[in-house]
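Asks: Below you'll find run_20.txt; it's compact mmCIF, C-alpha atoms.
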# COMPACT_ATOMS: atom_id res chain seq x y z
CA MET A 1 -66.35 -16.26 -51.17
CA ALA A 2 -64.79 -18.61 -53.66
CA ASP A 3 -62.29 -17.31 -56.16
CA PRO A 4 -63.41 -16.71 -59.76
CA MET A 5 -63.14 -19.27 -62.54
CA ARG A 6 -61.32 -18.63 -65.75
CA ILE A 7 -63.54 -19.49 -68.73
CA ARG A 8 -62.63 -19.40 -72.38
CA ALA A 9 -65.07 -20.34 -75.15
CA GLN A 10 -63.77 -20.28 -78.68
CA ALA A 11 -65.92 -20.99 -81.73
CA ALA A 12 -64.43 -22.72 -84.78
CA GLY A 13 -67.01 -23.65 -87.42
CA ASP A 14 -70.05 -25.14 -85.72
CA LYS A 15 -68.04 -26.33 -82.74
CA THR A 16 -67.11 -24.28 -79.72
CA THR A 17 -64.40 -25.43 -77.37
CA VAL A 18 -65.01 -24.43 -73.78
CA ARG A 19 -62.14 -24.43 -71.32
CA VAL A 20 -62.74 -23.84 -67.65
CA LEU A 21 -60.27 -23.50 -64.81
CA MET A 22 -61.80 -23.59 -61.34
CA ALA A 23 -60.12 -22.47 -58.14
CA HIS A 24 -60.93 -25.08 -55.51
CA GLU A 25 -59.04 -27.02 -52.83
CA MET A 26 -60.71 -30.36 -53.73
CA GLU A 27 -59.85 -32.06 -50.43
CA THR A 28 -60.55 -35.78 -50.56
CA GLY A 29 -61.20 -36.22 -46.84
CA LEU A 30 -58.44 -38.83 -46.70
CA ARG A 31 -55.50 -36.56 -45.99
CA LYS A 32 -54.21 -35.69 -42.54
CA ASP A 33 -52.73 -32.42 -41.36
CA ALA A 34 -49.46 -31.90 -39.45
CA GLU A 35 -51.19 -32.84 -36.17
CA GLY A 36 -52.52 -36.09 -37.60
CA LYS A 37 -56.11 -34.88 -37.76
CA VAL A 38 -58.15 -35.73 -40.83
CA ILE A 39 -58.70 -32.78 -43.16
CA PRO A 40 -62.44 -32.82 -43.87
CA ALA A 41 -63.59 -33.57 -47.39
CA TRP A 42 -64.29 -30.48 -49.44
CA PHE A 43 -64.83 -30.91 -53.14
CA ILE A 44 -67.00 -29.84 -56.04
CA GLN A 45 -69.98 -32.15 -56.48
CA GLU A 46 -71.89 -30.66 -59.34
CA VAL A 47 -70.83 -28.68 -62.36
CA THR A 48 -73.34 -27.19 -64.76
CA ALA A 49 -72.97 -25.09 -67.87
CA SER A 50 -75.56 -23.17 -69.83
CA LEU A 51 -75.58 -21.34 -73.12
CA ASN A 52 -77.72 -18.19 -73.21
CA GLY A 53 -79.46 -19.43 -70.09
CA LYS A 54 -80.26 -22.86 -71.53
CA PRO A 55 -78.61 -25.78 -69.70
CA ILE A 56 -76.23 -27.74 -71.91
CA PHE A 57 -74.03 -29.68 -69.55
CA THR A 58 -74.12 -31.29 -66.11
CA ALA A 59 -71.41 -33.30 -64.41
CA ASP A 60 -71.26 -35.08 -61.08
CA TRP A 61 -67.82 -34.86 -59.60
CA GLY A 62 -66.14 -36.60 -56.71
CA PRO A 63 -63.00 -36.33 -54.62
CA ALA A 64 -60.81 -37.93 -57.32
CA VAL A 65 -60.72 -34.71 -59.33
CA SER A 66 -57.55 -32.68 -58.79
CA LYS A 67 -57.11 -29.40 -56.96
CA ASN A 68 -57.79 -26.34 -59.15
CA PRO A 69 -59.51 -28.52 -61.77
CA PHE A 70 -59.51 -27.96 -65.50
CA LEU A 71 -62.54 -28.92 -67.57
CA GLN A 72 -62.79 -28.88 -71.34
CA PHE A 73 -65.76 -29.74 -73.52
CA VAL A 74 -67.08 -29.04 -76.99
CA VAL A 75 -70.52 -27.64 -77.69
CA LYS A 76 -72.21 -27.53 -81.09
CA GLY A 77 -74.15 -24.60 -82.44
CA ALA A 78 -72.83 -21.79 -80.24
CA LYS A 79 -72.07 -18.50 -81.98
CA ALA A 80 -69.66 -15.68 -81.20
CA GLY A 81 -71.30 -13.31 -78.75
CA ASP A 82 -73.32 -16.03 -77.02
CA LYS A 83 -73.27 -16.01 -73.23
CA LEU A 84 -71.84 -19.11 -71.64
CA SER A 85 -72.11 -19.56 -67.91
CA VAL A 86 -70.58 -22.24 -65.70
CA SER A 87 -71.53 -23.01 -62.10
CA TRP A 88 -70.24 -25.38 -59.48
CA LYS A 89 -71.56 -26.48 -56.15
CA ASP A 90 -69.38 -28.17 -53.53
CA ASN A 91 -70.20 -30.53 -50.67
CA ARG A 92 -70.34 -27.60 -48.24
CA GLY A 93 -73.09 -26.06 -50.32
CA GLU A 94 -70.90 -23.25 -51.54
CA THR A 95 -71.45 -22.21 -55.14
CA ARG A 96 -69.79 -20.07 -57.73
CA THR A 97 -71.01 -18.96 -61.13
CA ASP A 98 -68.98 -17.21 -63.79
CA GLU A 99 -69.82 -16.07 -67.29
CA ALA A 100 -67.92 -15.73 -70.52
CA THR A 101 -68.74 -14.62 -74.03
CA VAL A 102 -68.13 -16.99 -76.92
CA SER A 103 -65.45 -15.59 -79.20
CA MET B 1 -71.61 -37.49 -66.72
CA ARG B 2 -75.14 -36.95 -67.90
CA GLN B 3 -76.38 -34.60 -70.53
CA THR B 4 -79.32 -32.49 -69.64
CA ASN B 5 -80.05 -31.59 -73.22
CA PRO B 6 -79.57 -34.34 -75.79
CA ALA B 7 -80.26 -31.82 -78.60
CA ALA B 8 -76.87 -30.28 -78.03
CA PRO B 9 -74.57 -33.23 -78.48
CA LEU B 10 -71.39 -32.88 -76.58
CA ALA B 11 -68.06 -34.47 -76.98
CA ALA B 12 -66.91 -36.25 -73.90
CA ALA B 13 -65.69 -33.91 -71.25
CA LEU B 14 -62.02 -34.11 -70.71
CA LEU B 15 -60.89 -34.23 -67.14
CA LEU B 16 -57.20 -33.86 -66.82
CA VAL B 17 -56.12 -35.90 -63.88
CA TRP B 18 -52.87 -37.78 -63.43
CA CYS B 19 -53.15 -41.04 -65.28
CA ALA B 20 -50.07 -43.14 -64.77
CA SER B 21 -51.24 -46.26 -66.61
CA ALA B 22 -51.58 -44.48 -69.96
CA LEU B 23 -47.95 -43.42 -69.76
CA ALA B 24 -46.50 -46.80 -68.87
CA GLN B 25 -45.38 -47.80 -72.36
CA LYS B 26 -43.45 -44.64 -73.17
CA SER B 27 -40.21 -43.41 -71.76
CA THR B 28 -40.71 -41.46 -68.57
CA ALA B 29 -39.40 -38.23 -70.06
CA ASP B 30 -41.80 -38.56 -73.03
CA GLY B 31 -44.63 -39.22 -70.66
CA ILE B 32 -43.88 -36.20 -68.53
CA ALA B 33 -43.45 -34.02 -71.63
CA GLU B 34 -46.83 -35.18 -72.94
CA TYR B 35 -48.45 -34.62 -69.58
CA ARG B 36 -47.07 -31.07 -69.43
CA GLU B 37 -48.36 -30.37 -72.91
CA MET B 38 -51.84 -31.56 -71.99
CA LEU B 39 -51.86 -29.36 -68.92
CA GLN B 40 -50.42 -26.33 -70.68
CA ASP B 41 -53.86 -25.44 -71.95
CA GLY B 42 -55.35 -25.33 -68.49
CA ASN B 43 -52.44 -24.22 -66.39
CA PRO B 44 -53.89 -23.27 -62.98
CA ALA B 45 -51.13 -20.64 -62.78
CA GLU B 46 -53.69 -18.52 -64.64
CA LEU B 47 -55.82 -18.47 -61.50
CA PHE B 48 -52.84 -16.99 -59.66
CA GLU B 49 -52.25 -14.49 -62.46
CA MET B 50 -55.81 -13.23 -62.09
CA LYS B 51 -55.30 -12.73 -58.37
CA GLY B 52 -51.94 -11.09 -58.93
CA GLU B 53 -53.27 -8.55 -61.39
CA GLU B 54 -55.96 -7.61 -58.90
CA LEU B 55 -53.40 -7.29 -56.10
CA TRP B 56 -51.16 -5.10 -58.25
CA LYS B 57 -53.99 -2.62 -58.78
CA GLN B 58 -55.58 -2.87 -55.36
CA LYS B 59 -54.97 -0.13 -52.79
CA ARG B 60 -53.52 -1.90 -49.75
CA GLY B 61 -51.31 -1.49 -46.71
CA PRO B 62 -50.99 1.33 -44.17
CA ARG B 63 -50.52 3.87 -46.99
CA ASN B 64 -53.55 2.57 -48.89
CA ALA B 65 -51.63 2.54 -52.17
CA SER B 66 -51.47 0.17 -55.12
CA LEU B 67 -48.28 -1.14 -56.72
CA GLU B 68 -49.04 0.63 -59.98
CA ARG B 69 -46.14 3.07 -59.47
CA CYS B 70 -43.69 0.28 -58.69
CA ASP B 71 -40.53 0.44 -60.81
CA LEU B 72 -39.50 -3.05 -61.88
CA GLY B 73 -36.61 -1.70 -63.94
CA LYS B 74 -38.39 -0.31 -66.99
CA GLY B 75 -39.86 2.73 -65.26
CA PRO B 76 -42.68 3.19 -62.72
CA GLY B 77 -45.64 0.97 -63.51
CA VAL B 78 -44.11 -0.76 -66.54
CA VAL B 79 -44.70 -4.49 -66.16
CA LYS B 80 -44.53 -5.77 -69.72
CA GLY B 81 -41.06 -7.13 -70.45
CA ALA B 82 -39.75 -6.30 -66.99
CA PHE B 83 -39.47 -9.90 -65.80
CA VAL B 84 -37.01 -11.07 -68.48
CA GLU B 85 -34.60 -8.28 -67.45
CA LEU B 86 -34.50 -9.31 -63.80
CA PRO B 87 -32.43 -9.55 -61.63
CA ARG B 88 -30.90 -6.15 -62.43
CA TYR B 89 -29.27 -3.21 -60.66
CA PHE B 90 -31.53 -0.58 -59.10
CA ALA B 91 -30.02 2.81 -58.31
CA ASP B 92 -32.54 3.73 -55.57
CA THR B 93 -31.64 0.73 -53.41
CA ASN B 94 -28.06 0.48 -54.77
CA LYS B 95 -28.60 -3.25 -55.10
CA VAL B 96 -29.08 -5.94 -57.69
CA GLN B 97 -32.62 -7.23 -57.12
CA ASP B 98 -34.76 -10.04 -58.44
CA LEU B 99 -38.51 -9.77 -58.88
CA GLU B 100 -39.34 -10.74 -55.33
CA SER B 101 -36.80 -8.54 -53.58
CA ARG B 102 -37.96 -5.69 -55.81
CA LEU B 103 -41.60 -6.34 -54.94
CA LEU B 104 -40.64 -6.23 -51.26
CA THR B 105 -39.02 -2.82 -51.85
CA CYS B 106 -42.18 -1.54 -53.54
CA MET B 107 -44.52 -3.01 -50.92
CA GLN B 108 -42.56 -1.25 -48.19
CA ALA B 109 -41.91 2.05 -49.98
CA GLN B 110 -45.30 2.49 -51.58
CA GLN B 111 -47.78 0.51 -49.52
CA GLY B 112 -46.04 0.83 -46.16
CA LEU B 113 -46.00 -2.93 -45.60
CA ASP B 114 -43.19 -4.40 -43.50
CA ALA B 115 -40.75 -6.04 -45.96
CA ALA B 116 -38.72 -7.77 -43.23
CA LYS B 117 -41.87 -9.31 -41.82
CA ILE B 118 -42.98 -10.55 -45.26
CA ALA B 119 -39.50 -12.01 -45.87
CA ALA B 120 -39.74 -13.91 -42.58
CA THR B 121 -43.23 -15.28 -43.36
CA PRO B 122 -43.30 -18.96 -44.40
CA PHE B 123 -44.10 -19.67 -48.05
CA GLY B 124 -47.79 -19.91 -48.85
CA LYS B 125 -48.96 -17.96 -45.78
CA ASP B 126 -50.42 -14.46 -45.34
CA GLU B 127 -48.57 -11.87 -47.42
CA GLN B 128 -46.42 -14.62 -49.01
CA LYS B 129 -49.65 -15.98 -50.48
CA ASN B 130 -50.15 -12.62 -52.19
CA MET B 131 -46.58 -12.79 -53.43
CA GLU B 132 -47.50 -15.98 -55.36
CA GLY B 133 -50.15 -14.12 -57.32
CA LEU B 134 -47.92 -11.10 -57.94
CA VAL B 135 -45.00 -13.13 -59.31
CA ALA B 136 -47.38 -15.18 -61.47
CA TRP B 137 -48.91 -12.07 -62.99
CA VAL B 138 -45.69 -10.08 -63.47
CA SER B 139 -43.91 -13.05 -65.07
CA SER B 140 -46.92 -13.74 -67.32
CA GLN B 141 -46.51 -10.26 -68.78
CA SER B 142 -43.13 -11.34 -70.24
CA LYS B 143 -44.21 -14.81 -71.36
CA GLY B 144 -42.56 -15.82 -74.63
CA MET B 145 -40.00 -13.02 -74.46
CA LYS B 146 -36.28 -13.63 -74.48
CA LEU B 147 -34.18 -13.51 -71.33
CA ALA B 148 -32.20 -10.28 -71.50
CA LEU B 149 -30.57 -9.63 -68.15
CA PRO B 150 -28.47 -6.47 -68.17
CA GLN B 151 -24.78 -6.93 -67.31
CA GLY B 152 -23.62 -3.35 -67.83
CA HIS B 153 -23.33 -2.29 -64.21
CA ALA B 154 -20.32 -3.36 -62.12
CA LYS B 155 -22.64 -4.73 -59.41
CA GLU B 156 -24.47 -6.89 -61.95
CA LYS B 157 -21.15 -8.39 -63.06
CA GLN B 158 -20.15 -8.86 -59.44
CA MET B 159 -23.40 -10.68 -58.68
CA TYR B 160 -22.80 -13.01 -61.60
CA GLU B 161 -19.43 -13.93 -60.09
CA VAL B 162 -20.95 -14.38 -56.63
CA GLY B 163 -23.63 -16.61 -58.12
CA LYS B 164 -21.04 -18.65 -59.95
CA ARG B 165 -19.07 -19.20 -56.75
CA MET B 166 -22.18 -20.22 -54.88
CA PHE B 167 -23.14 -22.57 -57.70
CA TYR B 168 -19.86 -24.46 -57.41
CA LEU B 169 -19.54 -24.25 -53.62
CA ARG B 170 -19.53 -27.76 -52.17
CA GLY B 171 -20.61 -28.26 -48.61
CA GLY B 172 -23.05 -29.77 -46.16
CA PRO B 173 -23.36 -33.39 -44.98
CA HIS B 174 -23.62 -34.60 -48.61
CA ASP B 175 -20.71 -32.48 -49.85
CA PHE B 176 -23.07 -31.13 -52.51
CA ALA B 177 -22.92 -28.09 -54.75
CA CYS B 178 -25.65 -26.86 -57.12
CA ALA B 179 -23.23 -28.10 -59.77
CA SER B 180 -23.40 -31.66 -58.41
CA CYS B 181 -26.86 -32.00 -59.95
CA HIS B 182 -27.02 -29.09 -62.41
CA GLY B 183 -23.47 -28.97 -63.78
CA ALA B 184 -23.62 -31.72 -66.41
CA ASP B 185 -26.05 -32.99 -69.05
CA ASP B 186 -28.58 -35.80 -68.50
CA LYS B 187 -28.64 -35.82 -64.71
CA ARG B 188 -31.80 -36.56 -62.83
CA ILE B 189 -33.34 -36.82 -59.37
CA ARG B 190 -35.55 -39.91 -59.32
CA LEU B 191 -37.52 -39.46 -62.57
CA GLN B 192 -37.00 -35.74 -62.96
CA ASP B 193 -34.56 -34.66 -65.65
CA LEU B 194 -32.39 -31.86 -64.36
CA PRO B 195 -31.34 -28.97 -66.58
CA ASN B 196 -27.64 -28.28 -67.00
CA LEU B 197 -27.60 -24.74 -65.69
CA THR B 198 -24.07 -24.04 -66.90
CA LYS B 199 -25.15 -24.20 -70.56
CA ALA B 200 -27.41 -21.77 -72.42
CA LYS B 201 -30.12 -24.31 -73.26
CA GLY B 202 -30.38 -25.81 -69.79
CA ALA B 203 -30.14 -22.46 -68.02
CA ALA B 204 -32.93 -21.01 -70.17
CA GLU B 205 -35.13 -24.06 -69.57
CA GLY B 206 -34.49 -24.05 -65.86
CA PHE B 207 -34.40 -20.37 -65.02
CA GLY B 208 -36.96 -19.42 -67.69
CA SER B 209 -39.70 -21.71 -66.38
CA TRP B 210 -40.08 -20.38 -62.84
CA PRO B 211 -42.43 -19.23 -61.26
CA ALA B 212 -44.43 -22.37 -61.97
CA TYR B 213 -47.55 -24.20 -60.82
CA ARG B 214 -46.71 -27.54 -59.25
CA VAL B 215 -49.51 -30.00 -59.85
CA SER B 216 -48.30 -32.44 -57.19
CA SER B 217 -48.76 -29.90 -54.42
CA GLY B 218 -51.24 -27.56 -56.10
CA GLU B 219 -49.03 -24.60 -55.27
CA LEU B 220 -47.49 -21.79 -57.23
CA TRP B 221 -43.75 -21.73 -56.62
CA SER B 222 -41.72 -18.59 -57.15
CA MET B 223 -38.01 -18.66 -58.01
CA GLN B 224 -37.26 -17.90 -54.36
CA ARG B 225 -39.22 -20.94 -53.25
CA ARG B 226 -37.56 -23.09 -55.90
CA LEU B 227 -34.10 -22.04 -54.68
CA ASN B 228 -35.09 -22.48 -51.05
CA ASP B 229 -36.01 -26.09 -51.79
CA CYS B 230 -32.75 -26.65 -53.71
CA PHE B 231 -30.89 -25.55 -50.57
CA ARG B 232 -32.98 -28.00 -48.53
CA GLN B 233 -32.16 -30.82 -50.93
CA GLN B 234 -28.47 -30.00 -50.57
CA ARG B 235 -28.91 -30.00 -46.75
CA PHE B 236 -27.66 -26.42 -46.72
CA PRO B 237 -29.02 -23.90 -44.21
CA TYR B 238 -32.09 -22.16 -45.67
CA PRO B 239 -31.17 -18.92 -47.42
CA GLY B 240 -32.89 -15.72 -46.34
CA TYR B 241 -35.90 -14.83 -48.50
CA ALA B 242 -34.81 -12.50 -51.33
CA SER B 243 -31.29 -12.48 -49.88
CA ASP B 244 -28.24 -11.53 -51.96
CA VAL B 245 -27.13 -15.14 -52.41
CA THR B 246 -30.47 -16.12 -53.97
CA VAL B 247 -30.41 -13.08 -56.24
CA ALA B 248 -26.81 -13.88 -57.24
CA LEU B 249 -27.82 -17.41 -58.23
CA GLY B 250 -30.63 -15.90 -60.27
CA VAL B 251 -28.17 -13.65 -62.09
CA PHE B 252 -25.85 -16.59 -62.76
CA MET B 253 -28.62 -18.78 -64.19
CA GLY B 254 -30.36 -15.96 -66.07
CA VAL B 255 -27.19 -14.69 -67.74
CA ASN B 256 -26.20 -18.24 -68.69
CA GLY B 257 -29.62 -18.64 -70.28
CA GLN B 258 -29.47 -15.26 -72.04
CA GLY B 259 -31.51 -15.25 -75.27
CA GLY B 260 -33.61 -18.25 -74.22
CA MET B 261 -37.37 -17.94 -73.91
CA SER B 262 -39.18 -17.23 -70.68
CA THR B 263 -42.10 -19.66 -70.34
CA ALA B 264 -43.13 -18.57 -66.84
CA PRO B 265 -45.48 -19.11 -65.20
CA ALA B 266 -44.99 -22.68 -66.37
CA ILE B 267 -46.48 -25.94 -65.13
CA LYS B 268 -44.58 -28.72 -63.40
CA ARG B 269 -45.58 -32.22 -62.42
Would it be possible to restate this file's structure as structure tokens?
Replies:
Amino acid sequence: MADPMRIRAQAAGDKTTVRVLMAHEMETGLRKDAEGKVIPAWFIQEVTASLNGKPIFTADWGPAVSKNPFLQFVVKGAKAGDKLSVSWKDNRGETRTDEATVS
Amino acid sequence: MRQTNPAAPLAAALLLVWCASALAQKSTADGIAEYREMLQDGNPAELFEMKGEELWKQKRGPRNASLERCDLGKGPGVVKGAFVELPRYFADTNKVQDLESRLLTCMQAQQGLDAAKIAATPFGKDEQKNMEGLVAWVSSQSKGMKLALPQGHAKEKQMYEVGKRMFYLRGGPHDFACASCHGADDKRIRLQDLPNLTKAKGAAEGFGSWPAYRVSSGELWSMQRRLNDCFRQQRFPYPGYASDVTVALGVFMGVNGQGGMSTAPAIKR
């Protein structure tokens, strides 16, 4: 089971800044281990975010994104108390979804 | 990037990845400072803090106990503000201990885990992995507070002197001391500016910023791991984990940096 994300969503006026930290190895598939064997690629491929269940954001990611990635975006029209959820899916098919409340 | 709902216009998503070309025109130190600032907002050390807090409260080990009764110097279970007063003298062990040696004491005494076995475990493996989370969380509970290491006890004063000696001890194939790199202003290794650990400002910056998340390796490094790697760079034999010499160096740096701010868990390149 993947480790939880850390999500913060802070409203200021009509804009809400969302900051997400994801715990993921993000292996490129190009590195080798101590024995010289290739470490298989393992990275997040799709990130989605929704506000009160309505999708607002989708991103396609690749192996160039760093380990334990940080994502920040701004969404208009969210209010304090709204539920914001973020999900990712990696190339092994593993997924993780976490929720935060807009403050 | 594609937007699934054009009705909710979004500013461009900001992916913070190392971007060397954007930094080319500035001085390297400026570039690194700017990079650190950008990452400060999304320091992955927070992921370790979350794990650490869970581990602190979780019942584990042969005794099936949590660490919530662990005395880090401010009484059993008090975590807030404890980190900036470490290393300090503990009467129950009759030793000056840093955070990690103290955690080992608690893990053995309260949870029944084998401290010697944990100390012998390589960094980043098994129980040492848990240690990363614990140090991240405990240090985060003193973030922004001033370093205030006690120096009232004779053993604390003695450890300062031991640390000072170790700091200036030259040896190894390079005839290096800690002081060779950290004893004067404006020294660096490759592009890394090195803090002058003999002065208050440098000691606070250096000592006060570990544990830290290292972006280049994606690992959380404790002070013990930092010191272990300093010994490697000096081509000294590796010090024992949480051994007296490492604690003494902690006392020396921490007392020199007295009054400076603890920024741990910080973020490093």
Asks: Write out as a list in words each polymer residue whose atoms come within 12 Å of Asp41 in chain B, counting only C-alpha atoms; drop sequence neighbours fewer than 6 positions from it.
Replies: Arg6, Ile7, Arg8, Thr17, Val18, Arg19, Val20, Leu21, Phe70, Leu71 and Gln72 of chain A; Leu14, Leu16, Tyr35, Ala266 and Ile267 of chain B
Asks: Neighbouring residues of Pro40 in chain A were defined as those with any atom within 10 Å, considering only C-alpha atoms; residues of the same chain fewer than 6 positions away were excluded. Please report them as a list in words.
Replies: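 The residues that qualify are Glu27, Thr28, Gly29, Leu30, Arg31 and Lys32 of chain A.
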Asks: At what distance in Å, to one decimal, does CA of Val247 in chain B lie from CA of Asp98 in chain B?
Replies: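 CA of Val247 in chain B lies at a distance of 5.7 Å from CA of Asp98 in chain B.
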Asks: Nearest residue to His24 in chain A out of B:Glu85, B:Gly260, B:Glu219, B:Ile189, using all atoms listed in the file?
Replies: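 Going through B:Glu85, B:Gly260, B:Glu219, B:Ile189 one by one, the smallest distance to His24 in chain A is for B:Glu219.
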Asks: Residues within 8 Å of Asp14 in chain A, please, as JSON, numbers by chain. Count all atoms listed in the file; anything in the same chain fewer than 3 positions from it doesn't count.
Replies: {"A": [11, 76, 77, 78, 79]}
Asks: Go ahead and save the residues from that selection, with C-alpha atoms, as a PDB file, keeping the file's coordinate frame.
Replies:
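Ended up saving to result-v8.pdb:
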ATOM      1  CA  ALA A  11     -65.920 -20.990 -81.730  1.00  0.00           C
ATOM      2  CA  LYS A  76     -72.210 -27.530 -81.090  1.00  0.00           C
ATOM      3  CA  GLY A  77     -74.150 -24.600 -82.440  1.00  0.00           C
ATOM      4  CA  ALA A  78     -72.830 -21.790 -80.240  1.00  0.00           C
ATOM      5  CA  LYS A  79     -72.070 -18.500 -81.980  1.00  0.00           C
TER       6      LYS A  79
END
Asks: Let me make sure I understand: among B:Phe231, B:Thr28, B:Ser142, B:Gly61, which one has the smallest atom-to-atom distance to Val78 in chain B if we use only C-alpha atoms?
Replies: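 Among the listed residues, B:Ser142 lies closest to Val78 in chain B.
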Asks: Please, which residues of chain A lie no more than 7 Å from chain B when the count uses only C-alpha atoms, and can they be set out as an mmCIF file with C-alpha atoms, keeping the file's coordinate frame?
Replies:
data_model
loop_
_atom_site.group_PDB
_atom_site.id
_atom_site.type_symbol
_atom_site.label_atom_id
_atom_site.label_comp_id
_atom_site.auth_asym_id
_atom_site.auth_seq_id
_atom_site.Cartn_x
_atom_site.Cartn_y
_atom_site.Cartn_z
ATOM 1 C CA ARG A 6 -61.320 -18.630 -65.750
ATOM 2 C CA LEU A 21 -60.270 -23.500 -64.810
ATOM 3 C CA ALA A 23 -60.120 -22.470 -58.140
ATOM 4 C CA PRO A 55 -78.610 -25.780 -69.700
ATOM 5 C CA ILE A 56 -76.230 -27.740 -71.910
ATOM 6 C CA PHE A 57 -74.030 -29.680 -69.550
ATOM 7 C CA THR A 58 -74.120 -31.290 -66.110
ATOM 8 C CA ALA A 59 -71.410 -33.300 -64.410
ATOM 9 C CA ASP A 60 -71.260 -35.080 -61.080
ATOM 10 C CA VAL A 65 -60.720 -34.710 -59.330
ATOM 11 C CA SER A 66 -57.550 -32.680 -58.790
ATOM 12 C CA LYS A 67 -57.110 -29.400 -56.960
ATOM 13 C CA ASN A 68 -57.790 -26.340 -59.150
ATOM 14 C CA PHE A 70 -59.510 -27.960 -65.500
ATOM 15 C CA LEU A 71 -62.540 -28.920 -67.570
ATOM 16 C CA GLN A 72 -62.790 -28.880 -71.340
ATOM 17 C CA PHE A 73 -65.760 -29.740 -73.520
ATOM 18 C CA VAL A 74 -67.080 -29.040 -76.990
ATOM 19 C CA VAL A 75 -70.520 -27.640 -77.690
ATOM 20 C CA LYS A 76 -72.210 -27.530 -81.090
#
